[in-house]
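See below for input-v3.cif, which holds mmCIF, C-alpha atoms.
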```cif
data_entry
#
loop_
_atom_site.label_atom_id
_atom_site.label_comp_id
_atom_site.auth_asym_id
_atom_site.auth_seq_id
_atom_site.Cartn_x
_atom_site.Cartn_y
_atom_site.Cartn_z
CA MET A 1 0.00 0.00 0.00
CA PRO A 2 2.79 2.53 0.65
CA VAL A 3 4.17 1.75 -2.81
CA LEU A 4 0.73 2.32 -4.34
CA LEU A 5 0.33 5.61 -2.48
CA ILE A 6 3.72 6.89 -3.60
CA ALA A 7 2.99 5.79 -7.18
CA VAL A 8 -0.29 7.75 -7.19
CA GLU A 9 1.37 10.84 -5.69
CA ILE A 10 4.37 10.83 -8.05
CA GLY A 11 2.09 10.10 -11.00
CA ALA A 12 -0.15 13.00 -9.99
CA LEU A 13 2.82 15.36 -9.83
CA LEU A 14 3.96 14.27 -13.29
CA LEU A 15 0.46 14.55 -14.77
CA SER A 16 -0.11 17.98 -13.23
CA LEU A 17 2.18 19.48 -15.87
CA PRO A 18 0.21 18.28 -18.93
CA VAL A 19 -3.05 18.94 -17.04
CA LYS A 20 -2.09 22.60 -16.65
CA ALA A 21 -0.88 22.77 -20.24
CA SER A 22 -4.19 21.33 -21.48
CA GLY A 23 -6.25 23.75 -19.41
CA ILE A 24 -8.26 20.89 -17.89
CA VAL A 25 -9.65 22.19 -14.60
CA ALA A 26 -12.33 21.06 -12.18
CA PHE A 27 -12.97 24.58 -10.85
CA GLU A 28 -12.60 27.93 -12.59
CA GLU A 29 -11.67 29.79 -9.37
CA PRO A 30 -9.00 27.78 -7.49
CA ASP A 31 -9.18 29.89 -4.32
CA SER A 32 -12.97 29.87 -3.91
CA MET A 33 -14.09 28.54 -0.52
CA ALA A 34 -17.25 27.20 -2.19
CA ASN A 35 -15.23 24.59 -4.10
CA PRO A 36 -14.88 22.10 -1.19
CA LEU A 37 -18.64 22.29 -0.55
CA ILE A 38 -19.40 21.70 -4.23
CA PHE A 39 -17.00 18.73 -4.26
CA ILE A 40 -18.59 17.16 -1.18
CA GLY A 41 -22.11 17.87 -2.43
CA ILE A 42 -21.45 16.00 -5.67
CA MET A 43 -19.80 13.13 -3.78
CA LEU A 44 -22.72 12.81 -1.34
CA ALA A 45 -25.25 12.82 -4.18
CA PHE A 46 -23.38 10.06 -6.04
CA THR A 47 -22.96 8.05 -2.81
CA ALA A 48 -26.69 8.32 -2.04
CA PHE A 49 -27.50 7.23 -5.60
CA LEU A 50 -25.28 4.13 -5.31
CA LEU A 51 -26.69 3.23 -1.87
CA LEU A 52 -30.20 3.45 -3.30
CA LEU A 53 -29.25 1.10 -6.14
CA ILE A 54 -27.61 -1.30 -3.66
CA ARG A 55 -30.71 -1.32 -1.45
CA TYR A 56 -32.90 -2.37 -4.36
CA ASN A 57 -30.28 -4.82 -5.66
CA MET A 58 -29.96 -3.05 -9.02
CA LYS A 59 -26.55 -4.51 -9.78
CA LYS A 60 -26.51 -3.76 -13.49
CA MET A 61 -27.26 -0.09 -12.89
CA ILE A 62 -24.52 0.10 -10.25
CA ALA A 63 -22.00 -1.38 -12.66
CA ALA A 64 -23.19 0.94 -15.43
CA ALA A 65 -23.01 4.07 -13.25
CA ILE A 66 -19.50 3.30 -12.03
CA GLY A 67 -18.41 2.20 -15.51
CA ILE A 68 -19.55 5.46 -17.08
CA SER A 69 -17.77 7.42 -14.35
CA ILE A 70 -14.55 5.50 -14.93
CA PHE A 71 -14.82 5.96 -18.71
CA LEU A 72 -15.29 9.73 -18.39
CA THR A 73 -12.37 9.89 -15.98
CA PHE A 74 -10.16 8.11 -18.49
CA ILE A 75 -11.30 10.58 -21.15
CA TYR A 76 -10.02 13.54 -19.12
CA ILE A 77 -6.80 11.77 -18.16
CA PHE A 78 -5.91 10.79 -21.72
CA MET A 79 -6.88 14.27 -22.95
CA ALA A 80 -4.31 15.69 -20.54
CA ILE A 81 -1.67 13.27 -21.82
CA VAL A 82 -2.38 13.28 -25.56
CA TYR A 83 -3.41 16.87 -26.33
CA PRO A 84 -0.16 18.57 -25.22
CA LEU A 85 1.75 16.16 -27.47
CA ALA A 86 -0.52 15.98 -30.52
CA GLY A 87 -2.75 19.04 -30.18
CA VAL A 88 -6.55 18.99 -30.29
CA THR A 89 -6.76 17.29 -33.67
CA ASP A 90 -9.17 14.67 -35.00
CA PRO A 91 -6.58 11.84 -34.71
CA ALA A 92 -5.84 12.93 -31.13
CA VAL A 93 -9.55 12.90 -30.23
CA VAL A 94 -9.94 9.43 -31.71
CA LEU A 95 -6.85 8.22 -29.85
CA VAL A 96 -8.22 9.54 -26.55
CA LEU A 97 -11.54 7.77 -27.12
CA VAL A 98 -9.86 4.50 -28.10
CA LEU A 99 -7.55 4.54 -25.07
CA ALA A 100 -10.46 5.32 -22.72
CA ILE A 101 -12.63 2.56 -24.20
CA LEU A 102 -9.84 -0.03 -24.07
CA SER A 103 -8.86 0.86 -20.50
CA THR A 104 -12.46 0.72 -19.25
CA ALA A 105 -13.11 -2.53 -21.11
CA LEU A 106 -9.97 -4.11 -19.63
CA LEU A 107 -11.06 -3.20 -16.10
CA TYR A 108 -14.47 -4.76 -16.57
CA LYS A 109 -13.57 -7.74 -18.75
CA TYR A 110 -10.53 -8.81 -16.74
CA PRO A 111 -10.68 -7.29 -13.23
CA GLU A 112 -7.70 -9.14 -11.81
CA TRP A 113 -6.02 -7.41 -8.87
CA TYR A 114 -2.90 -6.34 -10.79
CA VAL A 115 -4.99 -4.86 -13.63
CA ILE A 116 -7.13 -2.97 -11.12
CA ASP A 117 -4.05 -1.68 -9.28
CA ALA A 118 -2.14 -0.66 -12.41
CA LEU A 119 -5.03 1.24 -13.99
CA GLY A 120 -6.06 2.45 -10.52
CA ILE A 121 -2.72 4.22 -10.23
CA LEU A 122 -3.44 6.00 -13.52
CA ILE A 123 -6.98 6.94 -12.42
CA GLY A 124 -5.84 8.09 -8.99
CA ALA A 125 -2.95 10.11 -10.36
CA GLY A 126 -5.10 11.69 -13.06
CA VAL A 127 -7.93 12.69 -10.74
CA ALA A 128 -5.50 14.05 -8.12
CA ALA A 129 -3.64 16.01 -10.80
CA ILE A 130 -6.84 17.60 -12.14
CA PHE A 131 -8.24 18.56 -8.73
CA GLY A 132 -4.84 19.48 -7.27
CA ALA A 133 -4.15 21.86 -10.16
CA SER A 134 -7.68 23.30 -9.83
CA LEU A 135 -7.77 23.95 -6.08
CA ASP A 136 -5.59 26.33 -4.11
CA ILE A 137 -4.06 25.09 -0.86
CA LEU A 138 -6.58 26.44 1.68
CA PRO A 139 -9.64 25.01 -0.12
CA VAL A 140 -7.82 21.67 -0.36
CA ILE A 141 -7.06 21.62 3.37
CA ILE A 142 -10.70 22.47 4.17
CA LEU A 143 -11.81 19.72 1.79
CA LEU A 144 -9.53 17.12 3.41
CA VAL A 145 -10.69 18.04 6.92
CA LEU A 146 -14.37 17.81 5.93
CA LEU A 147 -13.81 14.50 4.12
CA ALA A 148 -11.93 13.03 7.09
CA VAL A 149 -14.82 13.89 9.41
CA TYR A 150 -17.36 12.50 6.93
CA ASP A 151 -15.36 9.29 6.46
CA ALA A 152 -15.17 8.69 10.21
CA ILE A 153 -18.93 9.21 10.62
CA SER A 154 -19.79 7.02 7.61
CA VAL A 155 -17.62 4.11 8.79
CA TYR A 156 -17.97 4.19 12.58
CA LYS A 157 -21.38 5.80 13.13
CA THR A 158 -23.80 5.33 10.24
CA LYS A 159 -21.72 2.51 8.67
CA HIS A 160 -23.17 3.30 5.25
CA MET A 161 -19.67 3.40 3.74
CA ILE A 162 -19.22 -0.25 4.73
CA THR A 163 -22.49 -1.10 2.98
CA LEU A 164 -21.33 0.79 -0.10
CA ALA A 165 -17.93 -0.91 -0.11
CA GLU A 166 -19.45 -4.38 0.23
CA GLY A 167 -21.88 -3.69 -2.61
CA VAL A 168 -19.08 -2.51 -4.87
CA ILE A 169 -16.80 -5.43 -4.00
CA ASP A 170 -19.55 -8.01 -4.56
CA LEU A 171 -19.74 -6.74 -8.14
CA LYS A 172 -15.92 -6.75 -8.39
CA THR A 173 -16.16 -3.12 -9.47
CA PRO A 174 -12.66 -1.71 -10.03
CA ILE A 175 -12.73 1.42 -7.84
CA LEU A 176 -10.35 0.24 -5.14
CA PHE A 177 -6.83 -1.07 -4.71
CA VAL A 178 -6.31 -4.74 -3.90
CA VAL A 179 -3.22 -6.05 -2.11
CA PRO A 180 -3.17 -9.87 -2.01
CA LYS A 181 -1.85 -11.76 1.01
CA ARG A 182 -0.54 -14.68 -1.06
CA ARG A 183 1.11 -15.12 -4.43
CA ASN A 184 -1.60 -17.21 -6.17
CA TYR A 185 -4.52 -15.00 -5.13
CA SER A 186 -7.16 -14.15 -7.78
CA PHE A 187 -9.59 -11.30 -7.24
CA ILE A 188 -11.77 -12.58 -10.09
CA LYS A 189 -12.22 -16.02 -8.53
CA GLU A 190 -12.11 -15.25 -4.82
CA GLY A 191 -13.03 -11.63 -4.18
CA ILE A 192 -12.12 -10.71 -0.60
CA GLY A 193 -15.08 -11.83 1.50
CA LYS A 194 -17.35 -9.66 3.60
CA ILE A 195 -15.73 -6.53 5.00
CA GLY A 196 -17.55 -6.41 8.30
CA ASP A 197 -17.54 -10.08 9.33
CA GLY A 198 -14.15 -9.97 11.09
CA GLY A 199 -13.04 -13.16 9.32
CA GLU A 200 -9.78 -13.84 7.56
CA ARG A 201 -9.63 -12.34 4.08
CA ALA A 202 -7.40 -13.22 1.16
CA ALA A 203 -6.47 -9.61 0.38
CA PHE A 204 -6.31 -6.15 1.85
CA ILE A 205 -8.25 -3.40 0.12
CA ILE A 206 -8.13 0.37 0.26
CA GLY A 207 -10.50 2.75 -1.47
CA MET A 208 -9.25 4.74 -4.41
CA GLY A 209 -10.37 7.90 -2.68
CA ASP A 210 -8.00 7.16 0.21
CA MET A 211 -5.11 7.40 -2.25
CA ILE A 212 -6.48 10.34 -4.24
CA MET A 213 -7.30 12.80 -1.46
CA PRO A 214 -3.80 13.09 0.06
CA SER A 215 -2.37 13.35 -3.46
CA ILE A 216 -4.57 16.38 -4.18
CA LEU A 217 -2.75 18.36 -1.48
CA VAL A 218 0.63 17.15 -2.78
CA VAL A 219 -0.19 18.50 -6.25
CA SER A 220 -1.77 21.72 -4.96
CA ALA A 221 1.28 22.49 -2.81
CA ASN A 222 3.59 21.94 -5.75
CA VAL A 223 1.47 23.96 -8.19
CA PHE A 224 0.52 26.98 -6.08
CA LEU A 225 3.60 27.48 -3.90
CA GLN A 226 6.83 28.90 -5.28
CA GLY A 227 10.27 28.33 -3.81
CA TRP A 228 13.22 25.96 -3.83
CA ARG A 229 12.50 22.64 -5.51
CA LEU A 230 14.20 19.32 -5.03
CA GLY A 231 15.78 18.45 -8.38
CA GLY A 232 13.91 21.44 -9.79
CA MET A 233 10.71 19.37 -9.69
CA ILE A 234 9.07 19.26 -6.25
CA ASN A 235 9.01 21.79 -3.43
CA LEU A 236 9.39 21.10 0.29
CA PRO A 237 5.69 21.42 1.25
CA ALA A 238 4.83 18.78 -1.36
CA VAL A 239 7.64 16.54 -0.08
CA GLY A 240 6.35 17.05 3.46
CA ALA A 241 2.82 16.15 2.35
CA ILE A 242 4.10 12.91 0.81
CA ILE A 243 6.01 11.97 3.96
CA GLY A 244 3.03 12.89 6.12
CA SER A 245 0.66 10.80 4.01
CA LEU A 246 2.96 7.78 4.38
CA ALA A 247 3.05 8.28 8.14
CA GLY A 248 -0.74 8.46 8.17
CA LEU A 249 -0.91 5.26 6.14
CA VAL A 250 1.32 3.48 8.66
CA VAL A 251 -1.08 4.52 11.43
CA LEU A 252 -4.03 3.33 9.35
CA LEU A 253 -2.44 -0.06 8.61
CA TYR A 254 -1.74 -0.58 12.32
CA PHE A 255 -5.47 -0.38 13.02
CA VAL A 256 -6.37 -2.33 9.87
CA MET A 257 -4.48 -5.33 11.28
CA SER A 258 -7.28 -5.69 13.85
CA GLY A 259 -9.41 -7.09 11.03
CA LYS A 260 -12.15 -4.47 11.44
CA PRO A 261 -13.07 -1.89 8.78
CA GLN A 262 -11.31 1.42 9.33
CA ALA A 263 -11.90 4.95 8.06
CA GLY A 264 -8.86 5.70 5.95
CA LEU A 265 -9.13 9.45 5.50
CA PRO A 266 -8.72 10.65 9.13
CA PRO A 267 -5.12 9.38 9.48
CA LEU A 268 -4.26 9.88 5.82
CA CYS A 269 -5.58 13.43 5.53
CA GLY A 270 -4.31 14.35 8.99
CA GLY A 271 -0.81 13.08 8.24
CA THR A 272 -0.76 14.78 4.85
CA ILE A 273 -1.81 18.15 6.27
CA LEU A 274 0.73 17.97 9.12
CA GLY A 275 3.48 16.96 6.69
CA PHE A 276 2.58 19.82 4.37
CA LEU A 277 2.68 22.33 7.25
CA ALA A 278 6.07 21.01 8.36
CA GLY A 279 7.46 21.31 4.82
CA TRP A 280 5.99 24.80 4.49
CA ALA A 281 7.59 25.86 7.76
CA VAL A 282 11.00 24.51 6.67
CA MET A 283 10.71 26.28 3.31
CA GLY A 284 9.89 29.55 5.12
CA TRP A 285 12.85 29.06 7.46
CA MET A 286 15.15 28.51 4.47
CA GLY A 287 13.84 31.77 2.98
#
```
Encoding of this model in C-alpha cells:
Amino acid sequence: MPVLLIAVEIGALLLSLPVKASGIVAFEEPDSMANPLIFIGIMLAFTAFLLLLIRYNMKKMIAAAIGISIFLTFIYIFMAIVYPLAGVTDPAVVLVLVLAILSTALLYKYPEWYVIDALGILIGAGVAAIFGASLDILPVIILLVLLAVYDAISVYKTKHMITLAEGVIDLKTPILFVVPKRRNYSFIKEGIGKIGDGGERAAFIIGMGDMIMPSILVVSANVFLQGWRLGGMINLPAVGAIIGSLAGLVVLLYFVMSGKPQAGLPPLCGGTILGFLAGWAVMGWMG
C-alpha cells in the first residue's frame, strides 16, 4: 500500500504538468471557498445514488453508473496526456476515445487485482492532478478536513460506507486497490469476502479515494507554492505532504491489522496536512 500511495502521488505530480498545459480544470476559481462544498455535495449525491441502487439490488445499474464514471475519468486523463503532445486534432480525439474505451473494457472484462491496481494508479494520479491543479491550498485543506470527518462518521457511526464498499466489492467493481496476502490470489475467482464479518480475508483493500485525497494536497502544494524545488521538480511542502501521508498510512495499517473496517481518511488526511505544514515551515525558514 505505501508503494501504491507513492505511485499515485508521483504520478499525480507528473500529470499535473500536462493537465495545466491542457487547461483541464475542475474549478474555474482555485481559491474559492465554495469549491470544497461543491466537491462534497457531488460526492454525497453520487454516494446516495449508489446506496439506493444497492438497497434495491440493481446490480446492473450500479455497474453501469460506475463504468460510465470511470470511462469519463479516463477521457479527461488521456486528454491531458495526448493533447499537449498531438494538439486537439481529429486523430488525437480518436486516440483519446480508443484509449479510454480499451482501458475501461480491460477493467471490466478482466478485473484481476494487478490490472485494477495498475489502472487504478493512472486513475488516482489523473484525478488528483486535475483537482490538485484546480484547487488552491486552503480550499484543499478544508476539503480534506471535511472528508476526514465525513469518512469517520460514515464508517464508525452510520456505517453506510461499509455497505457501499461491500456492494461494490460483490460486483468486483474496479474502484479500489487490492493487495493480495498470497502469491496465487485471484480477485476474479475469490473476491475478498465480507468486509464487516471480522473473518480472515485473502487480500487487503483500500479505497481509491483514500489514495487520491492526500495526493490532491501534494499536487496543490507543488502547483501553487513557489520556492526551492528538489531536483527542480518538487518543493518542500509537497515533499512534506508525501512523507506525512505515508506516516498516516502506517497509522491506518496498524489499526487495519485488527481485522475491522477502518476509516482511511482521518489518518491519511491528517498526516498529509501535518506533513505539508512542516514542509511549508522549513521552506519559510530557508527563505
Applying 7 Å and all atoms listed in the file, which residues near Leu236 in chain A remain after dropping the ones on its own chain fewer than 3 positions away? List them as a PyMOL selection string. chain A and resi 229+239-240+279-280+283
For the file shown, what are the residues hit by the PyMOL selection byres ((chain A and resi 81) around 12), laid out as a PyMOL selection string? chain A and resi 11-12+14-24+74-80+82-88+92-93+95-96+99-100+122+125-126+129-130
Please expand the PyMOL selection byres ((chain A and resi 277) around 12) into the concrete residues it hits in this file, giving the result as a compact mmCIF listing (two decimals) with C-alpha atoms, keeping the file's coordinate frame.
```txt
# COMPACT_ATOMS: atom_id res chain seq x y z
CA ILE A 137 -4.06 25.09 -0.86
CA LEU A 138 -6.58 26.44 1.68
CA ILE A 141 -7.06 21.62 3.37
CA LEU A 217 -2.75 18.36 -1.48
CA VAL A 218 0.63 17.15 -2.78
CA ALA A 221 1.28 22.49 -2.81
CA LEU A 236 9.39 21.10 0.29
CA PRO A 237 5.69 21.42 1.25
CA ALA A 238 4.83 18.78 -1.36
CA VAL A 239 7.64 16.54 -0.08
CA GLY A 240 6.35 17.05 3.46
CA ALA A 241 2.82 16.15 2.35
CA ILE A 242 4.10 12.91 0.81
CA ILE A 243 6.01 11.97 3.96
CA GLY A 244 3.03 12.89 6.12
CA GLY A 270 -4.31 14.35 8.99
CA GLY A 271 -0.81 13.08 8.24
CA THR A 272 -0.76 14.78 4.85
CA ILE A 273 -1.81 18.15 6.27
CA LEU A 274 0.73 17.97 9.12
CA GLY A 275 3.48 16.96 6.69
CA PHE A 276 2.58 19.82 4.37
CA ALA A 278 6.07 21.01 8.36
CA GLY A 279 7.46 21.31 4.82
CA TRP A 280 5.99 24.80 4.49
CA ALA A 281 7.59 25.86 7.76
CA VAL A 282 11.00 24.51 6.67
CA MET A 283 10.71 26.28 3.31
CA GLY A 284 9.89 29.55 5.12
```
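The residues caught by the PyMOL selection byres ((chain A and resi 203) around 9) in this file are Val178, Val179, Pro180, Lys181, Arg182, Tyr185, Phe187, Gly191, Ile192, Gly193, Glu200, Arg201, Ala202, Phe204 and Ile205 of chain A.
Residue nearest Pro266 in chain A, chosen from A:Met43, A:Met213, A:Ile169, A:Ala118 and counting all atoms listed in the file: A:Met213.
Among the candidates A:Leu246, A:Ala26, A:Leu268, A:Ile101, the one nearest to Leu72 in chain A when counting all atoms listed in the file is A:Ile101.
With only C-alpha atoms as the basis for measurement, A:Gly207 is the residue among A:Val94, A:Leu4, A:Gly207, A:Gly120 that approaches Met161 in chain A most closely.
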Find the residues around Pro261 in chain A up to 12 Å (all atoms listed in the file counted), leave out those fewer than 3 positions away in its own chain, and share them as a ChimeraX atom specification. /A:151-152,154-156,159-163,165-166,194-199,201,204-207,252-258,264
Counting all atoms listed in the file, which of A:Pro91, A:Gly124, A:Gly67, A:Gly231 gets nearest to Ser103 in chain A? A:Gly67
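Minimum atom-to-atom distances from A:Leu106, A:Val168, A:Ala148, A:Leu176 to Leu265 in chain A were compared using only C-alpha atoms, and the lowest value belongs to A:Ala148.
Using only C-alpha atoms, the smallest distance between any of A:Leu50, A:Val115, A:Val219, A:Leu147 and Leu37 in chain A comes from A:Leu147.
Reported to one decimal place, the separation of CA of Ser215 in chain A from CA of Pro36 in chain A is 15.4 Å.
From CA of Leu146 in chain A back to CA of Met233 in chain A, the distance works out to 29.6 Å.
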Length of the CA of Leu143 in chain A to CA of Ile38 in chain A vector [Å]: 9.9 Å
Could I get range 138-160 of chain A rebuilt with N, CA and C atoms, written as a JSON list (two decimals), in the coordinates of the input?
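Result file is rebuild35.json:
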```json
[["chain", "number", "residue", "atom", "x", "y", "z"],
["A", 138, "LEU", "N", -5.61, 26.34, 0.59],
["A", 138, "LEU", "CA", -6.58, 26.44, 1.68],
["A", 138, "LEU", "C", -7.87, 25.69, 1.38],
["A", 139, "PRO", "N", -8.46, 25.83, 0.18],
["A", 139, "PRO", "CA", -9.64, 25.01, -0.12],
["A", 139, "PRO", "C", -9.37, 23.52, -0.04],
["A", 140, "VAL", "N", -8.16, 23.09, -0.44],
["A", 140, "VAL", "CA", -7.82, 21.67, -0.36],
["A", 140, "VAL", "C", -7.78, 21.21, 1.10],
["A", 141, "ILE", "N", -7.14, 21.99, 1.96],
["A", 141, "ILE", "CA", -7.06, 21.62, 3.37],
["A", 141, "ILE", "C", -8.46, 21.54, 3.98],
["A", 142, "ILE", "N", -9.31, 22.51, 3.68],
["A", 142, "ILE", "CA", -10.70, 22.47, 4.17],
["A", 142, "ILE", "C", -11.41, 21.23, 3.66],
["A", 143, "LEU", "N", -11.21, 20.91, 2.38],
["A", 143, "LEU", "CA", -11.81, 19.72, 1.79],
["A", 143, "LEU", "C", -11.36, 18.45, 2.51],
["A", 144, "LEU", "N", -10.05, 18.33, 2.76],
["A", 144, "LEU", "CA", -9.53, 17.12, 3.41],
["A", 144, "LEU", "C", -10.06, 16.98, 4.83],
["A", 145, "VAL", "N", -10.16, 18.09, 5.55],
["A", 145, "VAL", "CA", -10.69, 18.04, 6.92],
["A", 145, "VAL", "C", -12.15, 17.58, 6.91],
["A", 146, "LEU", "N", -12.95, 18.17, 6.03],
["A", 146, "LEU", "CA", -14.37, 17.81, 5.93],
["A", 146, "LEU", "C", -14.54, 16.35, 5.52],
["A", 147, "LEU", "N", -13.73, 15.89, 4.57],
["A", 147, "LEU", "CA", -13.81, 14.50, 4.12],
["A", 147, "LEU", "C", -13.39, 13.52, 5.21],
["A", 148, "ALA", "N", -12.38, 13.90, 6.00],
["A", 148, "ALA", "CA", -11.93, 13.03, 7.09],
["A", 148, "ALA", "C", -13.04, 12.85, 8.12],
["A", 149, "VAL", "N", -13.71, 13.96, 8.46],
["A", 149, "VAL", "CA", -14.82, 13.89, 9.41],
["A", 149, "VAL", "C", -15.96, 13.04, 8.84],
["A", 150, "TYR", "N", -16.30, 13.27, 7.58],
["A", 150, "TYR", "CA", -17.36, 12.50, 6.93],
["A", 150, "TYR", "C", -17.02, 11.01, 6.89],
["A", 151, "ASP", "N", -15.78, 10.69, 6.56],
["A", 151, "ASP", "CA", -15.36, 9.29, 6.46],
["A", 151, "ASP", "C", -15.48, 8.59, 7.81],
["A", 152, "ALA", "N", -15.07, 9.27, 8.87],
["A", 152, "ALA", "CA", -15.17, 8.69, 10.21],
["A", 152, "ALA", "C", -16.63, 8.42, 10.58],
["A", 153, "ILE", "N", -17.50, 9.38, 10.29],
["A", 153, "ILE", "CA", -18.93, 9.21, 10.62],
["A", 153, "ILE", "C", -19.53, 8.08, 9.80],
["A", 154, "SER", "N", -19.18, 8.01, 8.51],
["A", 154, "SER", "CA", -19.79, 7.02, 7.61],
["A", 154, "SER", "C", -19.31, 5.60, 7.87],
["A", 155, "VAL", "N", -18.14, 5.45, 8.50],
["A", 155, "VAL", "CA", -17.62, 4.11, 8.79],
["A", 155, "VAL", "C", -17.97, 3.68, 10.21],
["A", 156, "TYR", "N", -17.80, 4.57, 11.18],
["A", 156, "TYR", "CA", -17.97, 4.19, 12.58],
["A", 156, "TYR", "C", -19.36, 4.45, 13.13],
["A", 157, "LYS", "N", -20.08, 5.42, 12.58],
["A", 157, "LYS", "CA", -21.38, 5.80, 13.13],
["A", 157, "LYS", "C", -22.52, 5.24, 12.28],
["A", 158, "THR", "N", -22.69, 5.78, 11.09],
["A", 158, "THR", "CA", -23.80, 5.33, 10.24],
["A", 158, "THR", "C", -23.49, 4.01, 9.55],
["A", 159, "LYS", "N", -22.21, 3.74, 9.31],
["A", 159, "LYS", "CA", -21.72, 2.51, 8.67],
["A", 159, "LYS", "C", -22.19, 2.36, 7.22],
["A", 160, "HIS", "N", -22.70, 3.44, 6.63],
["A", 160, "HIS", "CA", -23.17, 3.30, 5.25],
["A", 160, "HIS", "C", -22.02, 3.13, 4.26]]
```
